[in-house]
Amino acid sequence: MTYDPANIFAKILRGEIPAHKVYEDETALVMMDIFPQSRGHTLVIPKSASRNLLDADPAVLSAVMPLVQRVATAAKAATDADGIRVAQFNEAAAGQTVYHLHFHVIPMFEGVEMGAHGRNQADNDELAALAGKIAAQL
Ligand code: AMP
């Protein structure tokens, strides 16, 4: 399996389509998932091109994991979540739908089931507000 630069996250990284950005540096982009599985569902996307974890450069993983931790902490504080789920899928059989490496940071709330994967599109204003709240905690 090879990397396809026409994938939607590559287009977002190139600025060809919009995103609710939370944070960006030379290593990664952090943005809101537009089909969130919970309030505050955030994606950490390394800029370096790889389909997923399986073909990723270990140096990229080393650089991005501290940011995943920071985003998890910030999302928990911003949403007042009770816990955080971090998820990452590799190939279709595992649930991957966008073939550019990314980490899901999903706030979890006591007694609230996680929503379906990639199903219900969130309100743009709500996503913009959440992006601002999470960014303020980073
Ligand atoms: P995965 O299934 O792990 O590849 O996750 C891809 C994620 O990207 C899903 O949770 C989708 O809801 C999300 N997604 C798809 N298109 C967009 C988009 N344009 N902006 C933000 N998130 C997206």
# chains A, B, ... in the order shown; residues from 1 in each chain; ligands from 1

call {"tool": "residues_around", "arguments": {"residues": "A:Asp123", "least_positions_apart": "6", "cutoff": "12 Å", "atoms": "only C-alpha atoms", "output": "PyMOL selection string"}}
result
chain A and resi 20+32-36+39+129-130

call {"tool": "write_last_selection", "arguments": {"atoms": "all heavy atoms", "output": "short mmCIF file (atom, residue, chain, number, x, y, z; two decimals), in the first residue's frame"}}
result
data_model
loop_
_atom_site.label_atom_id
_atom_site.label_comp_id
_atom_site.auth_asym_id
_atom_site.auth_seq_id
_atom_site.Cartn_x
_atom_site.Cartn_y
_atom_site.Cartn_z
N HIS A 20 -10.97 23.20 11.24
CA HIS A 20 -11.02 23.90 12.53
C HIS A 20 -9.70 23.61 13.25
O HIS A 20 -9.59 22.65 14.00
CB HIS A 20 -12.23 23.43 13.34
CG HIS A 20 -13.53 23.87 12.77
ND1 HIS A 20 -13.98 25.16 12.89
CD2 HIS A 20 -14.47 23.22 12.05
CE1 HIS A 20 -15.15 25.27 12.27
NE2 HIS A 20 -15.46 24.11 11.76
N MET A 32 -10.05 19.85 14.85
CA MET A 32 -11.26 19.16 15.32
C MET A 32 -11.71 18.14 14.27
O MET A 32 -11.64 18.40 13.07
CB MET A 32 -12.40 20.16 15.56
CG MET A 32 -12.09 21.29 16.53
SD MET A 32 -11.33 20.75 18.07
CE MET A 32 -12.65 19.74 18.76
N ASP A 33 -12.16 16.98 14.74
CA ASP A 33 -12.80 16.00 13.86
C ASP A 33 -14.21 16.50 13.55
O ASP A 33 -14.96 16.84 14.47
CB ASP A 33 -12.85 14.63 14.58
CG ASP A 33 -13.20 13.48 13.64
OD1 ASP A 33 -14.22 13.58 12.94
OD2 ASP A 33 -12.44 12.51 13.62
N ILE A 34 -14.55 16.59 12.27
CA ILE A 34 -15.87 17.17 11.94
C ILE A 34 -17.02 16.16 12.09
O ILE A 34 -18.17 16.54 12.01
CB ILE A 34 -15.93 17.80 10.52
CG1 ILE A 34 -15.56 16.82 9.44
CG2 ILE A 34 -15.10 19.08 10.44
CD1 ILE A 34 -15.88 17.35 8.04
N PHE A 35 -16.68 14.89 12.30
CA PHE A 35 -17.69 13.88 12.63
C PHE A 35 -17.34 13.32 14.02
O PHE A 35 -16.96 12.15 14.15
CB PHE A 35 -17.71 12.74 11.60
CG PHE A 35 -17.96 13.19 10.19
CD1 PHE A 35 -16.90 13.40 9.31
CD2 PHE A 35 -19.26 13.42 9.73
CE1 PHE A 35 -17.12 13.79 8.00
CE2 PHE A 35 -19.49 13.83 8.42
CZ PHE A 35 -18.43 14.02 7.56
N PRO A 36 -17.43 14.16 15.05
CA PRO A 36 -16.86 13.79 16.36
C PRO A 36 -17.59 12.63 17.02
O PRO A 36 -18.81 12.51 16.92
CB PRO A 36 -17.02 15.07 17.18
CG PRO A 36 -18.13 15.81 16.54
CD PRO A 36 -18.07 15.48 15.07
N ARG A 39 -17.84 15.14 22.40
CA ARG A 39 -17.59 16.59 22.40
C ARG A 39 -16.11 16.84 22.64
O ARG A 39 -15.55 16.42 23.65
CB ARG A 39 -18.43 17.25 23.52
CG ARG A 39 -18.37 18.76 23.54
CD ARG A 39 -19.42 19.33 24.48
NE ARG A 39 -19.23 18.85 25.84
CZ ARG A 39 -18.41 19.39 26.72
NH1 ARG A 39 -17.69 20.43 26.40
NH2 ARG A 39 -18.29 18.87 27.93
N ALA A 129 -15.76 26.89 18.45
CA ALA A 129 -15.67 27.24 19.87
C ALA A 129 -14.79 26.23 20.62
O ALA A 129 -13.94 26.60 21.44
CB ALA A 129 -17.06 27.29 20.48
N LEU A 130 -14.98 24.95 20.31
CA LEU A 130 -14.17 23.91 20.98
C LEU A 130 -12.70 24.04 20.59
O LEU A 130 -11.81 23.88 21.45
CB LEU A 130 -14.69 22.52 20.60
CG LEU A 130 -15.93 22.06 21.38
CD1 LEU A 130 -16.62 20.92 20.65
CD2 LEU A 130 -15.55 21.65 22.80
#

call {"tool": "closest_atom_pairs", "arguments": {"of": "stretch 11-65 of chain A", "to": "stretch 88-107 of chain A", "cutoff": "8 Å", "atoms": "only C-alpha atoms", "output": "tab-separated table"}}
result
residue	atom	partner	partner_atom	distance
A:Gln37	CA	A:Ile106	CA	7.1
A:Ser38	CA	A:Pro107	CA	6.3
A:Arg39	CA	A:Pro107	CA	6.7
A:Gly40	CA	A:Pro107	CA	6.1
A:His41	CA	A:Ile106	CA	4.5
A:Thr42	CA	A:Val105	CA	5.1
A:Leu43	CA	A:His104	CA	4.8
A:Val44	CA	A:Phe103	CA	5.1
A:Ile45	CA	A:His102	CA	4.5
A:Pro46	CA	A:His102	CA	6.7
A:Ala49	CA	A:His100	CA	6.7
A:Ser50	CA	A:His100	CA	5.6
A:Arg51	CA	A:His100	CA	4.4
A:Asn52	CA	A:Leu101	CA	4.0
A:Leu53	CA	A:Leu101	CA	6.3
A:Leu54	CA	A:Asn90	CA	7.1
A:Ala56	CA	A:Leu101	CA	7.7

call {"tool": "write_last_selection", "arguments": {"atoms": "N, CA, C and O atoms", "output": "PDB file, in the first residue's frame"}}
result
ATOM      1  N   GLN A  37     -16.813  11.802  17.698  1.00  0.00           N
ATOM      2  CA  GLN A  37     -17.385  10.685  18.459  1.00  0.00           C
ATOM      3  C   GLN A  37     -17.678  11.088  19.890  1.00  0.00           C
ATOM      4  O   GLN A  37     -18.232  10.301  20.657  1.00  0.00           O
ATOM      5  N   SER A  38     -17.266  12.300  20.257  1.00  0.00           N
ATOM      6  CA  SER A  38     -17.640  12.891  21.541  1.00  0.00           C
ATOM      7  C   SER A  38     -17.364  14.386  21.428  1.00  0.00           C
ATOM      8  O   SER A  38     -16.718  14.834  20.468  1.00  0.00           O
ATOM      9  N   ARG A  39     -17.837  15.144  22.404  1.00  0.00           N
ATOM     10  CA  ARG A  39     -17.595  16.593  22.405  1.00  0.00           C
ATOM     11  C   ARG A  39     -16.106  16.840  22.643  1.00  0.00           C
ATOM     12  O   ARG A  39     -15.555  16.419  23.653  1.00  0.00           O
ATOM     13  N   GLY A  40     -15.454  17.476  21.663  1.00  0.00           N
ATOM     14  CA  GLY A  40     -14.027  17.769  21.808  1.00  0.00           C
ATOM     15  C   GLY A  40     -13.113  16.791  21.081  1.00  0.00           C
ATOM     16  O   GLY A  40     -11.888  16.856  21.234  1.00  0.00           O
ATOM     17  N   HIS A  41     -13.686  15.893  20.277  1.00  0.00           N
ATOM     18  CA  HIS A  41     -12.888  14.917  19.512  1.00  0.00           C
ATOM     19  C   HIS A  41     -11.906  15.673  18.603  1.00  0.00           C
ATOM     20  O   HIS A  41     -12.309  16.411  17.713  1.00  0.00           O
ATOM     21  N   THR A  42     -10.639  15.441  18.835  1.00  0.00           N
ATOM     22  CA  THR A  42      -9.562  16.195  18.181  1.00  0.00           C
ATOM     23  C   THR A  42      -8.640  15.213  17.461  1.00  0.00           C
ATOM     24  O   THR A  42      -8.497  14.064  17.890  1.00  0.00           O
ATOM     25  N   LEU A  43      -8.032  15.662  16.378  1.00  0.00           N
ATOM     26  CA  LEU A  43      -7.100  14.826  15.620  1.00  0.00           C
ATOM     27  C   LEU A  43      -5.713  15.465  15.625  1.00  0.00           C
ATOM     28  O   LEU A  43      -5.590  16.677  15.400  1.00  0.00           O
ATOM     29  N   VAL A  44      -4.704  14.655  15.866  1.00  0.00           N
ATOM     30  CA  VAL A  44      -3.313  15.109  15.777  1.00  0.00           C
ATOM     31  C   VAL A  44      -2.723  14.463  14.525  1.00  0.00           C
ATOM     32  O   VAL A  44      -2.676  13.233  14.415  1.00  0.00           O
ATOM     33  N   ILE A  45      -2.301  15.301  13.585  1.00  0.00           N
ATOM     34  CA  ILE A  45      -1.894  14.828  12.259  1.00  0.00           C
ATOM     35  C   ILE A  45      -0.439  15.219  11.986  1.00  0.00           C
ATOM     36  O   ILE A  45      -0.144  16.401  11.746  1.00  0.00           O
ATOM     37  N   PRO A  46       0.488  14.266  12.019  1.00  0.00           N
ATOM     38  CA  PRO A  46       1.867  14.595  11.642  1.00  0.00           C
ATOM     39  C   PRO A  46       1.902  15.105  10.200  1.00  0.00           C
ATOM     40  O   PRO A  46       1.148  14.616   9.350  1.00  0.00           O
ATOM     41  N   ALA A  49       4.475  12.597   5.413  1.00  0.00           N
ATOM     42  CA  ALA A  49       3.558  11.710   4.697  1.00  0.00           C
ATOM     43  C   ALA A  49       3.773  10.248   5.055  1.00  0.00           C
ATOM     44  O   ALA A  49       4.839   9.689   4.803  1.00  0.00           O
ATOM     45  N   SER A  50       2.760   9.645   5.681  1.00  0.00           N
ATOM     46  CA  SER A  50       2.716   8.189   5.805  1.00  0.00           C
ATOM     47  C   SER A  50       1.254   7.785   5.853  1.00  0.00           C
ATOM     48  O   SER A  50       0.398   8.570   6.275  1.00  0.00           O
ATOM     49  N   ARG A  51       0.950   6.575   5.411  1.00  0.00           N
ATOM     50  CA  ARG A  51      -0.445   6.103   5.424  1.00  0.00           C
ATOM     51  C   ARG A  51      -0.950   5.967   6.846  1.00  0.00           C
ATOM     52  O   ARG A  51      -2.071   6.300   7.165  1.00  0.00           O
ATOM     53  N   ASN A  52      -0.080   5.438   7.710  1.00  0.00           N
ATOM     54  CA  ASN A  52      -0.488   5.152   9.085  1.00  0.00           C
ATOM     55  C   ASN A  52       0.752   4.803   9.908  1.00  0.00           C
ATOM     56  O   ASN A  52       1.885   5.066   9.472  1.00  0.00           O
ATOM     57  N   LEU A  53       0.527   4.199  11.051  1.00  0.00           N
ATOM     58  CA  LEU A  53       1.642   3.850  11.946  1.00  0.00           C
ATOM     59  C   LEU A  53       2.622   2.862  11.293  1.00  0.00           C
ATOM     60  O   LEU A  53       3.823   2.895  11.565  1.00  0.00           O
ATOM     61  N   LEU A  54       2.102   2.015  10.432  1.00  0.00           N
ATOM     62  CA  LEU A  54       2.895   0.899   9.921  1.00  0.00           C
ATOM     63  C   LEU A  54       4.039   1.348   9.024  1.00  0.00           C
ATOM     64  O   LEU A  54       5.083   0.694   8.972  1.00  0.00           O
ATOM     65  N   ALA A  56       5.185   4.658   9.145  1.00  0.00           N
ATOM     66  CA  ALA A  56       5.668   5.937   9.669  1.00  0.00           C
ATOM     67  C   ALA A  56       7.140   5.858  10.058  1.00  0.00           C
ATOM     68  O   ALA A  56       7.641   4.811  10.479  1.00  0.00           O
TER      69      ALA A  56
END

call {"tool": "atom_distance", "arguments": {"atom1": "atom CA of A:Lys47", "atom2": "atom CA of A:Ala77"}}
result
25.5 Å

call {"tool": "select_by_dssp", "arguments": {"residues": "stretch 41-133 of chain A", "states": "helix (DSSP H, G or I)", "output": "number ranges by chain"}}
result
A: 53-55, 58-79, 92-94, 124-133

call {"tool": "write_last_selection", "arguments": {"atoms": "C-alpha atoms", "output": "compact mmCIF listing (two decimals), in the first residue's frame"}}
result
# COMPACT_ATOMS: atom_id res chain seq x y z
CA LEU A 53 1.64 3.85 11.95
CA LEU A 54 2.90 0.90 9.92
CA ASP A 55 4.90 2.95 7.42
CA PRO A 58 9.98 6.33 14.04
CA ALA A 59 11.51 9.81 14.35
CA VAL A 60 8.14 11.32 13.42
CA LEU A 61 6.41 9.18 16.04
CA SER A 62 8.93 10.32 18.66
CA ALA A 63 8.30 13.93 17.77
CA VAL A 64 4.51 13.72 17.69
CA MET A 65 3.70 11.66 20.80
CA PRO A 66 4.52 14.47 23.25
CA LEU A 67 2.04 16.62 21.28
CA VAL A 68 -0.60 13.87 21.51
CA GLN A 69 -0.08 13.95 25.28
CA ARG A 70 -0.38 17.76 25.38
CA VAL A 71 -3.54 17.70 23.29
CA ALA A 72 -5.04 14.96 25.48
CA THR A 73 -4.39 17.04 28.59
CA ALA A 74 -5.71 20.21 26.97
CA ALA A 75 -8.85 18.53 25.59
CA LYS A 76 -9.59 17.02 29.02
CA ALA A 77 -9.30 20.42 30.68
CA ALA A 78 -11.21 22.28 27.95
CA THR A 79 -14.17 19.89 27.96
CA ALA A 92 -9.55 -0.55 6.45
CA ALA A 93 -9.86 -3.80 8.35
CA ALA A 94 -8.93 -1.89 11.50
CA ASN A 124 -19.38 24.48 12.61
CA ASP A 125 -19.82 27.13 15.31
CA GLU A 126 -19.58 24.49 18.03
CA LEU A 127 -16.39 23.08 16.48
CA ALA A 128 -14.87 26.56 16.21
CA ALA A 129 -15.67 27.24 19.87
CA LEU A 130 -14.17 23.91 20.98
CA ALA A 131 -11.04 24.51 18.89
CA GLY A 132 -10.57 27.82 20.66
CA LYS A 133 -11.11 26.31 24.10

call {"tool": "closest_residue", "arguments": {"among": "A:Ile84, A:Val112, A:Ile17, A:Ile12", "to": "A:Val30", "atoms": "only C-alpha atoms"}}
result
A:Ile12

call {"tool": "select_by_dssp", "arguments": {"residues": "chain A", "states": "strand (DSSP E)", "output": "ChimeraX atom specification"}}
result
/A:21-24,28-32,42-46,83-87,103-108
